[in-house]
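So this one's data-v3.cif, mmCIF, C-alpha atoms:
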data_upload
loop_
_atom_site.label_atom_id
_atom_site.label_comp_id
_atom_site.auth_asym_id
_atom_site.auth_seq_id
_atom_site.Cartn_x
_atom_site.Cartn_y
_atom_site.Cartn_z
CA MET O 13 132.38 -71.68 -19.01
CA SER O 14 132.27 -67.90 -18.77
CA ALA O 15 135.28 -65.89 -17.67
CA GLN O 16 133.62 -65.38 -14.28
CA GLN O 17 133.77 -68.52 -12.16
CA LEU O 18 130.68 -69.93 -10.46
CA SER O 19 130.11 -68.88 -6.87
CA PRO O 20 130.71 -71.70 -4.37
CA SER O 21 127.24 -71.12 -2.91
CA VAL O 22 123.84 -70.11 -4.21
CA ARG O 23 122.96 -66.50 -3.44
CA ARG O 24 119.56 -65.06 -2.63
CA VAL O 25 118.01 -63.10 -5.49
CA ALA O 26 116.35 -59.82 -4.59
CA VAL O 27 113.49 -58.21 -6.49
CA VAL O 28 114.51 -54.57 -6.19
CA GLY O 29 111.74 -52.94 -8.21
CA GLY O 30 109.79 -52.83 -11.41
CA ALA O 31 108.52 -50.45 -14.05
CA ARG O 32 105.93 -50.86 -16.78
CA ILE O 33 103.90 -48.72 -19.07
CA PRO O 34 100.10 -48.72 -18.71
CA PHE O 35 98.60 -51.55 -20.73
CA ALA O 36 96.36 -50.52 -23.63
CA ARG O 37 93.72 -52.27 -25.67
CA SER O 38 94.91 -53.24 -29.13
CA ASP O 39 94.39 -50.72 -31.94
CA GLY O 40 94.17 -47.97 -29.36
CA PRO O 41 96.73 -45.47 -27.99
CA TYR O 42 99.68 -47.73 -28.81
CA ALA O 43 98.49 -48.75 -32.28
CA THR O 44 101.64 -47.36 -33.90
CA ALA O 45 104.06 -48.32 -31.10
CA SER O 46 106.46 -51.19 -31.70
CA ASN O 47 107.59 -53.80 -29.21
CA GLN O 48 110.94 -52.04 -29.00
CA GLN O 49 109.42 -48.62 -28.35
CA MET O 50 107.19 -49.93 -25.58
CA LEU O 51 109.92 -52.02 -23.97
CA THR O 52 112.33 -49.07 -24.14
CA ALA O 53 109.81 -46.84 -22.37
CA ALA O 54 109.36 -49.38 -19.57
CA LEU O 55 113.12 -49.93 -19.28
CA ASP O 56 113.85 -46.20 -19.21
CA GLY O 57 111.37 -45.83 -16.36
CA LEU O 58 113.35 -48.40 -14.40
CA VAL O 59 116.71 -46.85 -15.32
CA GLU O 60 115.61 -43.40 -14.16
CA ARG O 61 114.01 -44.63 -10.94
CA TYR O 62 117.01 -46.67 -9.80
CA GLY O 63 119.88 -44.71 -11.33
CA LEU O 64 121.03 -47.42 -13.70
CA GLN O 65 122.92 -45.16 -16.10
CA GLY O 66 126.61 -45.64 -16.75
CA PRO O 67 128.92 -48.52 -17.70
CA GLY O 68 128.37 -51.70 -15.71
CA ALA O 69 125.32 -50.37 -13.88
CA VAL O 70 123.43 -53.56 -14.77
CA GLY O 71 124.94 -56.95 -15.56
CA GLU O 72 122.57 -57.78 -18.40
CA PHE O 73 119.09 -57.39 -19.83
CA VAL O 74 116.86 -60.33 -20.80
CA ALA O 75 113.44 -59.91 -22.36
CA GLY O 76 111.20 -61.17 -25.12
CA ALA O 77 108.02 -60.87 -27.13
CA VAL O 78 105.59 -63.42 -28.50
CA LEU O 79 104.42 -61.52 -31.60
CA LYS O 80 107.67 -60.48 -33.25
CA HIS O 81 108.52 -58.87 -36.56
CA ALA O 82 111.68 -59.94 -38.34
CA ARG O 83 113.14 -56.62 -37.18
CA ASP O 84 112.70 -57.82 -33.58
CA PHE O 85 115.14 -60.70 -33.99
CA ASN O 86 117.46 -59.00 -31.44
CA LEU O 87 114.78 -57.17 -29.47
CA ALA O 88 116.45 -57.05 -26.06
CA ARG O 89 119.78 -55.79 -27.37
CA GLU O 90 118.18 -53.18 -29.64
CA THR O 91 116.10 -52.01 -26.70
CA VAL O 92 119.27 -51.51 -24.64
CA LEU O 93 120.86 -49.49 -27.45
CA GLY O 94 117.84 -47.19 -27.56
CA SER O 95 117.47 -46.85 -23.80
CA GLY O 96 119.19 -45.15 -20.87
CA LEU O 97 121.19 -48.28 -20.10
CA HIS O 98 124.82 -48.09 -21.16
CA PRO O 99 125.46 -49.56 -24.65
CA SER O 100 127.96 -51.99 -23.11
CA THR O 101 125.13 -53.84 -21.34
CA PRO O 102 124.73 -57.39 -22.76
CA ALA O 103 121.21 -58.50 -23.69
CA TYR O 104 119.40 -61.49 -25.12
CA ASP O 105 115.90 -62.61 -26.07
CA ILE O 106 113.78 -65.35 -24.56
CA GLN O 107 110.31 -66.64 -25.42
CA GLN O 108 107.86 -69.02 -23.76
CA ALA O 109 104.49 -67.70 -24.90
CA CYS O 110 102.56 -66.07 -22.03
CA GLY O 111 105.21 -67.28 -19.59
CA THR O 112 107.93 -65.21 -21.30
CA GLY O 113 108.08 -62.40 -18.74
CA LEU O 114 108.33 -64.77 -15.77
CA GLN O 115 110.78 -67.04 -17.58
CA ALA O 116 112.96 -63.99 -18.29
CA VAL O 117 112.95 -63.23 -14.56
CA ILE O 118 113.94 -66.83 -13.82
CA ALA O 119 116.75 -66.78 -16.38
CA ALA O 120 118.20 -63.59 -14.89
CA ALA O 121 117.74 -64.87 -11.33
CA ASN O 122 119.65 -68.06 -12.07
CA LYS O 123 122.73 -66.11 -13.16
CA ILE O 124 122.57 -63.92 -10.07
CA ALA O 125 122.09 -66.93 -7.80
CA LEU O 126 125.13 -68.66 -9.33
CA GLY O 127 127.32 -65.59 -9.07
CA GLN O 128 127.62 -65.05 -12.82
CA THR O 129 126.28 -61.51 -12.51
CA ASP O 130 125.29 -59.25 -9.64
CA SER O 131 122.31 -57.56 -11.24
CA ALA O 132 119.98 -57.87 -14.21
CA VAL O 133 116.80 -56.49 -15.69
CA ALA O 134 114.16 -58.86 -17.03
CA GLY O 135 110.95 -58.16 -18.88
CA GLY O 136 108.84 -58.45 -21.96
CA ALA O 137 106.64 -56.60 -24.42
CA ASP O 138 103.91 -57.42 -26.88
CA THR O 139 101.73 -55.53 -29.30
CA ALA O 140 98.61 -57.03 -30.79
CA SER O 141 98.13 -53.79 -32.77
CA ASP O 142 101.42 -54.04 -34.67
CA ALA O 143 101.28 -57.79 -35.22
CA PRO O 144 103.52 -59.04 -38.03
CA LEU O 145 101.80 -59.92 -41.32
CA GLY O 146 103.44 -62.76 -43.19
CA VAL O 147 103.59 -63.25 -46.92
CA ASN O 148 101.10 -65.83 -48.11
CA ASP O 149 103.04 -69.09 -47.99
CA SER O 150 102.24 -70.00 -51.58
CA LEU O 151 103.49 -66.60 -52.71
CA ARG O 152 106.60 -67.02 -50.57
CA ARG O 153 107.43 -70.28 -52.32
CA ILE O 154 106.97 -68.66 -55.73
CA LEU O 155 109.24 -65.76 -54.78
CA LEU O 156 111.89 -68.19 -53.60
CA GLU O 157 111.58 -69.98 -56.94
CA VAL O 158 112.07 -66.63 -58.68
CA ARG O 159 115.20 -65.98 -56.61
CA ARG O 160 116.64 -69.37 -57.53
CA ALA O 161 115.88 -69.02 -61.24
CA GLN O 162 118.99 -68.92 -63.45
CA SER O 163 117.56 -66.91 -66.37
CA PRO O 164 115.05 -64.10 -67.07
CA GLY O 165 112.78 -66.61 -68.77
CA ALA O 166 112.76 -68.90 -65.77
CA ARG O 167 111.99 -65.96 -63.48
CA LEU O 168 109.06 -64.86 -65.65
CA LYS O 169 107.75 -68.42 -65.75
CA ALA O 170 107.79 -68.56 -61.96
CA LEU O 171 106.13 -65.14 -61.60
CA ALA O 172 103.38 -66.25 -63.98
CA LYS O 173 102.20 -68.61 -61.25
CA VAL O 174 101.11 -65.72 -59.02
CA ARG O 175 97.32 -65.51 -58.58
CA PRO O 176 95.19 -62.85 -56.81
CA GLY O 177 94.65 -65.19 -53.85
CA HIS O 178 98.40 -65.25 -53.25
CA LEU O 179 98.29 -61.56 -52.28
CA VAL O 180 96.25 -62.25 -49.14
CA PRO O 181 98.70 -62.00 -46.20
CA ASP O 182 99.05 -64.54 -43.42
CA ILE O 183 97.66 -62.86 -40.30
CA PRO O 184 98.73 -64.19 -36.88
CA ARG O 185 95.94 -66.11 -35.16
CA ASN O 186 95.48 -66.75 -31.47
CA ALA O 187 95.22 -70.46 -32.18
CA GLU O 188 97.20 -73.58 -31.40
CA PRO O 189 98.92 -75.06 -34.48
CA ARG O 190 98.27 -78.61 -33.25
CA THR O 191 94.52 -78.18 -32.81
CA GLY O 192 93.49 -75.09 -34.76
CA LEU O 193 91.48 -73.96 -31.74
CA SER O 194 91.91 -70.51 -30.23
CA MET O 195 93.01 -70.16 -26.64
CA GLY O 196 89.46 -69.09 -25.77
CA GLU O 197 87.95 -72.20 -27.34
CA HIS O 198 90.42 -74.38 -25.46
CA ALA O 199 89.49 -72.58 -22.23
CA ALA O 200 85.80 -73.18 -22.98
CA VAL O 201 86.47 -76.93 -23.16
CA THR O 202 88.16 -76.79 -19.76
CA ALA O 203 85.36 -74.67 -18.30
CA ARG O 204 82.80 -77.28 -19.32
CA ALA O 205 84.94 -80.12 -18.00
CA TRP O 206 85.26 -78.50 -14.57
CA GLY O 207 81.69 -77.19 -14.52
CA ILE O 208 82.74 -73.56 -14.01
CA PRO O 209 79.55 -71.45 -13.79
CA ARG O 210 79.07 -68.12 -15.57
CA GLU O 211 78.28 -66.17 -12.40
CA ALA O 212 81.53 -67.26 -10.73
CA GLN O 213 83.50 -66.10 -13.76
CA ASP O 214 81.77 -62.73 -13.83
CA HIS O 215 82.33 -62.30 -10.10
CA LEU O 216 86.05 -62.95 -10.50
CA ALA O 217 86.26 -60.46 -13.38
CA ALA O 218 84.36 -57.74 -11.51
CA THR O 219 86.58 -58.27 -8.48
CA SER O 220 89.71 -57.90 -10.60
CA HIS O 221 88.53 -54.53 -11.94
CA ARG O 222 87.45 -53.33 -8.51
CA ARG O 223 90.75 -54.26 -6.88
CA LEU O 224 92.88 -52.75 -9.64
CA ALA O 225 90.91 -49.49 -9.40
CA ALA O 226 91.39 -49.44 -5.62
CA ALA O 227 95.12 -50.04 -6.03
CA TYR O 228 95.42 -47.07 -8.37
CA GLU O 229 93.36 -44.87 -6.07
CA ARG O 230 95.63 -45.52 -3.09
CA GLY O 231 98.75 -44.78 -5.13
CA PHE O 232 100.03 -48.35 -5.17
CA PHE O 233 101.26 -48.12 -8.77
CA GLN O 234 103.03 -44.78 -8.36
CA ASP O 235 106.43 -46.49 -8.31
CA LEU O 236 105.52 -49.22 -10.81
CA VAL O 237 103.79 -47.54 -13.76
CA VAL O 238 105.32 -44.87 -16.02
CA PRO O 239 103.03 -42.86 -18.36
CA PHE O 240 103.29 -43.57 -22.08
CA ARG O 241 101.56 -41.98 -25.07
CA GLY O 242 98.94 -40.21 -23.02
CA LEU O 243 98.06 -43.10 -20.72
CA ALA O 244 98.71 -43.00 -16.97
CA ARG O 245 96.75 -46.11 -16.02
CA ASP O 246 95.65 -49.34 -17.71
CA GLN O 247 93.11 -48.57 -20.42
CA ASN O 248 91.16 -51.80 -19.96
CA LEU O 249 90.30 -50.91 -16.36
CA ARG O 250 86.56 -50.56 -15.76
CA PRO O 251 86.12 -49.37 -12.13
CA GLY O 252 82.36 -49.64 -12.44
CA SER O 253 82.33 -53.31 -13.45
CA THR O 254 79.74 -55.38 -11.62
CA VAL O 255 78.46 -58.91 -11.88
CA GLU O 256 75.16 -57.50 -13.11
CA LYS O 257 76.77 -55.54 -15.93
CA LEU O 258 78.96 -58.44 -16.96
CA ALA O 259 75.95 -60.75 -16.97
CA SER O 260 74.48 -58.76 -19.86
CA LEU O 261 77.33 -59.67 -22.22
CA LYS O 262 76.88 -62.38 -24.81
CA PRO O 263 79.16 -65.45 -24.79
CA VAL O 264 81.96 -65.43 -27.36
CA PHE O 265 83.63 -68.83 -26.80
CA GLY O 266 82.18 -72.33 -26.77
CA LEU O 267 79.17 -71.29 -28.84
CA GLY O 268 78.88 -74.74 -30.39
CA HIS O 269 77.82 -76.21 -27.04
CA PRO O 270 74.82 -75.65 -24.76
CA ALA O 271 74.94 -72.79 -22.24
CA PRO O 272 78.32 -71.20 -23.09
CA THR O 273 79.75 -69.12 -20.23
CA MET O 274 82.76 -67.23 -21.53
CA THR O 275 82.33 -63.60 -22.62
CA ALA O 276 84.54 -60.68 -23.55
CA GLY O 277 84.04 -59.46 -19.99
CA ASN O 278 85.42 -62.54 -18.24
CA SER O 279 88.24 -63.02 -20.78
CA THR O 280 91.32 -60.87 -21.31
CA PRO O 281 91.31 -58.57 -24.34
CA LEU O 282 94.07 -58.30 -26.92
CA THR O 283 96.50 -55.85 -25.35
CA ASP O 284 99.65 -53.81 -25.99
CA GLY O 285 102.24 -53.13 -23.30
CA ALA O 286 105.64 -53.76 -21.72
CA ALA O 287 107.04 -54.44 -18.25
CA THR O 288 110.46 -54.76 -16.59
CA VAL O 289 111.88 -55.96 -13.26
CA LEU O 290 115.21 -55.16 -11.55
CA LEU O 291 116.85 -58.17 -9.89
CA ALA O 292 120.08 -58.24 -7.89
CA SER O 293 122.17 -59.92 -5.24
CA GLU O 294 121.74 -58.68 -1.66
CA ASP O 295 125.22 -57.16 -1.68
CA TRP O 296 124.57 -55.24 -4.91
CA ALA O 297 121.36 -53.77 -3.49
CA ARG O 298 122.95 -52.96 -0.14
CA GLU O 299 125.90 -51.16 -1.72
CA ARG O 300 123.48 -48.87 -3.54
CA GLY O 301 121.21 -48.26 -0.58
CA LEU O 302 118.31 -50.09 -2.19
CA GLU O 303 115.90 -52.07 -0.04
CA PRO O 304 114.74 -55.29 -1.75
CA LEU O 305 110.99 -55.61 -2.04
CA ALA O 306 111.13 -59.41 -1.85
CA TYR O 307 113.28 -62.40 -2.74
CA LEU O 308 112.73 -64.95 -5.49
CA THR O 309 113.15 -68.26 -3.69
CA ALA O 310 111.71 -70.97 -5.95
CA TYR O 311 110.34 -71.50 -9.42
CA GLY O 312 109.17 -74.29 -11.67
CA THR O 313 107.61 -75.17 -15.00
CA ALA O 314 105.36 -77.89 -16.38
CA ALA O 315 103.60 -78.86 -19.59
CA VAL O 316 100.52 -80.92 -20.43
CA ASP O 317 99.54 -83.00 -23.44
CA PHE O 318 96.64 -80.82 -24.56
CA VAL O 319 96.36 -82.75 -27.84
CA GLY O 320 96.24 -86.39 -26.79
CA GLY O 321 95.87 -86.14 -23.02
CA ASP O 322 92.81 -85.99 -20.78
CA VAL O 323 91.44 -82.79 -22.27
CA ALA O 324 87.74 -83.65 -22.11
CA GLY O 325 88.14 -84.56 -18.45
CA GLY O 326 89.78 -81.22 -17.74
CA GLU O 327 93.09 -82.56 -16.45
CA ASP O 328 95.17 -81.66 -19.51
CA GLY O 329 93.44 -78.57 -20.84
CA LEU O 330 95.63 -76.12 -22.74
CA LEU O 331 95.96 -73.75 -19.76
CA MET O 332 96.10 -76.33 -16.96
CA ALA O 333 99.87 -76.86 -16.65
CA PRO O 334 100.04 -74.77 -13.42
CA ALA O 335 97.85 -77.47 -11.84
CA TYR O 336 100.93 -79.70 -12.14
CA ALA O 337 103.73 -77.13 -11.79
CA VAL O 338 102.58 -75.64 -8.50
CA PRO O 339 102.20 -78.94 -6.56
CA ARG O 340 105.67 -80.02 -7.70
CA MET O 341 107.21 -76.69 -6.72
CA LEU O 342 105.50 -76.66 -3.35
CA GLU O 343 106.63 -80.22 -2.63
CA ARG O 344 110.24 -79.27 -3.37
CA ALA O 345 109.94 -76.20 -1.16
CA GLY O 346 108.17 -78.07 1.64
CA LEU O 347 105.22 -75.67 1.55
CA GLY O 348 101.44 -75.80 1.20
CA LEU O 349 98.94 -73.25 -0.11
CA GLY O 350 98.20 -72.28 3.48
CA ASP O 351 101.76 -70.99 3.83
CA PHE O 352 101.14 -68.13 1.38
CA ASP O 353 99.94 -64.68 2.36
CA LEU O 354 99.25 -63.75 -1.26
CA VAL O 355 98.53 -65.70 -4.44
CA GLU O 356 98.86 -64.27 -7.95
CA ILE O 357 97.25 -66.28 -10.75
CA HIS O 358 97.44 -64.85 -14.25
CA GLU O 359 93.86 -64.26 -15.38
CA ALA O 360 93.96 -65.31 -19.01
CA PHE O 361 90.29 -66.20 -18.51
CA ALA O 362 88.22 -66.20 -15.36
CA SER O 363 87.25 -69.82 -16.09
CA GLN O 364 90.92 -70.82 -16.27
CA VAL O 365 91.66 -69.30 -12.85
CA LEU O 366 88.69 -71.09 -11.31
CA ALA O 367 89.60 -74.39 -12.98
CA THR O 368 93.18 -74.09 -11.66
CA LEU O 369 91.91 -73.47 -8.14
CA ALA O 370 89.62 -76.48 -8.43
CA ALA O 371 92.49 -78.65 -9.70
CA TRP O 372 94.75 -77.62 -6.81
CA GLU O 373 92.00 -78.53 -4.37
CA LYS O 374 91.46 -81.88 -6.11
CA ARG O 375 95.19 -82.58 -5.79
CA GLY O 376 95.01 -82.06 -2.05
CA LEU O 377 96.57 -78.59 -1.85
CA GLY O 378 93.52 -77.10 -0.17
CA THR O 379 91.66 -73.92 -1.01
CA VAL O 380 92.93 -70.41 -1.67
CA ASP O 381 91.40 -67.67 0.45
CA ARG O 382 89.89 -65.31 -2.14
CA ALA O 383 90.89 -62.37 0.05
CA ARG O 384 94.52 -63.28 -0.75
CA LEU O 385 94.03 -63.88 -4.48
CA ASN O 386 95.08 -61.17 -6.96
CA VAL O 387 94.53 -58.47 -4.33
CA ALA O 388 95.57 -55.62 -6.65
CA GLY O 389 93.68 -56.96 -9.66
CA SER O 390 95.21 -58.95 -12.48
CA SER O 391 95.01 -59.61 -16.21
CA LEU O 392 91.22 -59.41 -16.57
CA ALA O 393 91.46 -55.76 -15.49
CA THR O 394 94.97 -54.76 -16.62
CA GLY O 395 94.91 -56.60 -19.93
CA HIS O 396 97.47 -59.14 -21.11
CA PRO O 397 100.35 -58.18 -23.44
CA PHE O 398 101.60 -61.76 -23.64
CA ALA O 399 105.31 -61.43 -22.83
CA ALA O 400 104.84 -58.53 -20.40
CA THR O 401 102.44 -60.19 -17.97
CA GLY O 402 104.98 -62.26 -16.02
CA ALA O 403 107.16 -59.24 -15.26
CA ARG O 404 104.08 -57.23 -14.28
CA ILE O 405 103.03 -59.89 -11.81
CA VAL O 406 106.50 -60.26 -10.27
CA ALA O 407 106.83 -56.51 -9.68
CA THR O 408 103.27 -56.21 -8.37
CA LEU O 409 103.59 -59.12 -5.96
CA ALA O 410 106.99 -57.94 -4.71
CA ARG O 411 105.53 -54.51 -3.99
CA LEU O 412 102.54 -56.05 -2.20
CA LEU O 413 104.83 -58.18 -0.04
CA SER O 414 106.95 -55.14 0.84
CA GLU O 415 103.87 -53.54 2.39
CA ARG O 416 103.41 -56.44 4.80
CA ASP O 417 105.22 -57.22 8.00
CA ALA O 418 107.95 -59.78 7.43
CA PRO O 419 107.97 -62.65 7.02
CA ALA O 420 105.54 -62.87 4.10
CA ARG O 421 105.29 -65.18 1.14
CA GLY O 422 103.60 -65.01 -2.29
CA LEU O 423 102.85 -67.57 -5.01
CA ILE O 424 102.84 -66.85 -8.76
CA SER O 425 101.08 -69.05 -11.33
CA VAL O 426 101.14 -68.27 -15.06
CA CYS O 427 99.57 -70.44 -17.77
CA ALA O 428 100.91 -70.27 -21.31
CA ALA O 429 100.11 -71.34 -24.85
CA GLY O 430 101.40 -74.72 -25.91
CA GLY O 431 100.05 -76.31 -22.73
CA GLN O 432 102.75 -74.83 -20.48
CA GLY O 433 102.91 -73.27 -17.04
CA VAL O 434 105.51 -71.16 -15.23
CA THR O 435 105.39 -70.67 -11.46
CA ALA O 436 107.44 -68.96 -8.76
CA ILE O 437 107.61 -68.09 -5.08
CA LEU O 438 108.51 -64.68 -3.68
CA GLU O 439 109.32 -64.13 -0.01
CA ARG O 440 109.93 -61.18 2.26
CA ALA O 441 112.25 -62.21 5.08
#
Just give me the structure as structure tokens.
Amino acid sequence: MSAQQLSPSVRRVAVVGGARIPFARSDGPYATASNQQMLTAALDGLVERYGLQGPGAVGEFVAGAVLKHARDFNLARETVLGSGLHPSTPAYDIQQACGTGLQAVIAAANKIALGQTDSAVAGGADTASDAPLGVNDSLRRILLEVRRAQSPGARLKALAKVRPGHLVPDIPRNAEPRTGLSMGEHAAVTARAWGIPREAQDHLAATSHRRLAAAYERGFFQDLVVPFRGLARDQNLRPGSTVEKLASLKPVFGLGHPAPTMTAGNSTPLTDGAATVLLASEDWARERGLEPLAYLTAYGTAAVDFVGGDVAGGEDGLLMAPAYAVPRMLERAGLGLGDFDLVEIHEAFASQVLATLAAWEKRGLGTVDRARLNVAGSSLATGHPFAATGARIVATLARLLSERDAPARGLISVCAAGGQGVTAILERA
């Protein structure tokens, strides 16, 4: 038990605001930026915008990254120490693959709801450009043998085992350890199972780019995006994307099967970036004259057996956990899809979004009005720095809800590696 006692009642958790850096394609403008540098830039944008300097300004900071160097073992805390937040601000790391950013928001929200803290910042960062390279495992074992050796002769004997092939580093792969398949290949299996056509995927991707471009043009991201290393908007954005242009791209996943449908255009690219969200109790926000954008009112997680489950049938595909998490969450909340003004589905792949929509309909949730889906664009246009996406979506949806007349409600659905899903509900009272 912490020194601060639990509140006798659960408090509402306000989403006060968010800040992120523009997302960049890997090996581009942020090629030499670390997770910590990107996350610090996003956090500093939030600190400056909401005056979070000084001791006790924020209760704590929780964030994470999926691709982490050994130096990132204490990423959140090191980010605080290099940022505008006071050094006395506690911080800790969290990781749940692509659900990391949203799970960080949930972790912070739980403490606020229970009265353990009055405010917190949550977020995430990832760089595909500065991915950690591991020592070849065979070489690692030899080096450990050298370290354990008790004499110079024993050390030389161990070193004599080193071969040229041992010098090849272990490079991180976007693949599931249990299956050896990349996320894209898993998504291709699901796309075939659900019969998701190529044209529908390209249409969804083109729409994402068009809507993100429109959001930038109307100044929607002025309070959400802070420039970093020469970028002022997401580098992956292609305002001129059309179904016709996307149709000219060659498939890149599922090539071992007839009529593959997934291309680089209807899949998210490897991306670098960071995002943060400011959460607080109503009293904390009121005392500082801050108007909450929305309130986090429900959340849930789920996982599927993507190894031994009904993968071929589409039910347990790697990225299909939200098809289970959302119905459960809605049942607990006493809501249906028709009760939501806006729906935000992380666009890991266009086929995955369409398969999720089809699964919700099959489970009796009804259809999602496409005019309410990802209205400011999503991952296909912004890119997807794994741990940053959840925080980006929360801040974006909260801002969208703040533009609407109350009451308004939004749904968040994020799929994640390992067959997991993280979901949430935001409301504007």
Point (126.7, -65.3, -5.2) neighbourhood (10 Å, all atoms listed in the file) written as a PDB file with C-alpha atoms, in the frame of the given file:
ATOM      1  CA  LEU O  18     130.680 -69.930 -10.460  1.00  0.00           C
ATOM      2  CA  SER O  19     130.110 -68.880  -6.870  1.00  0.00           C
ATOM      3  CA  PRO O  20     130.710 -71.700  -4.370  1.00  0.00           C
ATOM      4  CA  SER O  21     127.240 -71.120  -2.910  1.00  0.00           C
ATOM      5  CA  VAL O  22     123.840 -70.110  -4.210  1.00  0.00           C
ATOM      6  CA  ARG O  23     122.960 -66.500  -3.440  1.00  0.00           C
ATOM      7  CA  ARG O  24     119.560 -65.060  -2.630  1.00  0.00           C
ATOM      8  CA  VAL O  25     118.010 -63.100  -5.490  1.00  0.00           C
ATOM      9  CA  LYS O 123     122.730 -66.110 -13.160  1.00  0.00           C
ATOM     10  CA  ILE O 124     122.570 -63.920 -10.070  1.00  0.00           C
ATOM     11  CA  ALA O 125     122.090 -66.930  -7.800  1.00  0.00           C
ATOM     12  CA  LEU O 126     125.130 -68.660  -9.330  1.00  0.00           C
ATOM     13  CA  GLY O 127     127.320 -65.590  -9.070  1.00  0.00           C
ATOM     14  CA  GLN O 128     127.620 -65.050 -12.820  1.00  0.00           C
ATOM     15  CA  THR O 129     126.280 -61.510 -12.510  1.00  0.00           C
ATOM     16  CA  ASP O 130     125.290 -59.250  -9.640  1.00  0.00           C
ATOM     17  CA  SER O 293     122.170 -59.920  -5.240  1.00  0.00           C
ATOM     18  CA  GLU O 294     121.740 -58.680  -1.660  1.00  0.00           C
ATOM     19  CA  ASP O 295     125.220 -57.160  -1.680  1.00  0.00           C
TER      20      ASP O 295
END
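Ranking O:Leu290, O:Ile33, O:Ala137, O:Ala203 by their shortest atom-to-atom distance to Gly63 (chain O), with all atoms listed in the file included, puts O:Leu290 first.
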inquiry  = Evaluate the PyMOL selection byres ((chain O and resi 424) around 8) against this structure - the residues, as a PyMOL selection string, please.
reply    = chain O and resi 355-358+405-406+422-423+425-426+435-438
Take the residues from that selection and put them in a file with C-alpha atoms, as a PDB file, in the coordinates of the input.
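Output file result18.pdb is given in full below:
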ATOM      1  CA  VAL O 355      98.530 -65.700  -4.440  1.00  0.00           C
ATOM      2  CA  GLU O 356      98.860 -64.270  -7.950  1.00  0.00           C
ATOM      3  CA  ILE O 357      97.250 -66.280 -10.750  1.00  0.00           C
ATOM      4  CA  HIS O 358      97.440 -64.850 -14.250  1.00  0.00           C
ATOM      5  CA  ILE O 405     103.030 -59.890 -11.810  1.00  0.00           C
ATOM      6  CA  VAL O 406     106.500 -60.260 -10.270  1.00  0.00           C
ATOM      7  CA  GLY O 422     103.600 -65.010  -2.290  1.00  0.00           C
ATOM      8  CA  LEU O 423     102.850 -67.570  -5.010  1.00  0.00           C
ATOM      9  CA  SER O 425     101.080 -69.050 -11.330  1.00  0.00           C
ATOM     10  CA  VAL O 426     101.140 -68.270 -15.060  1.00  0.00           C
ATOM     11  CA  THR O 435     105.390 -70.670 -11.460  1.00  0.00           C
ATOM     12  CA  ALA O 436     107.440 -68.960  -8.760  1.00  0.00           C
ATOM     13  CA  ILE O 437     107.610 -68.090  -5.080  1.00  0.00           C
ATOM     14  CA  LEU O 438     108.510 -64.680  -3.680  1.00  0.00           C
TER      15      LEU O 438
END
request  = Mind checking which residues fall within 6 Å of region 39-52 of chain O, counting only C-alpha atoms, ignoring those fewer than 3 positions away in the same chain, and posting them as a ChimeraX atom specification?
outcome  = /O:55-56,91,95,137-138,141,286
ask   = Quick one: residues within 9 Å of Ala345 (chain O), all atoms listed in the file counted, chain neighbours fewer than 5 positions away excluded, as a ChimeraX atom specification?
value = /O:309-310,340
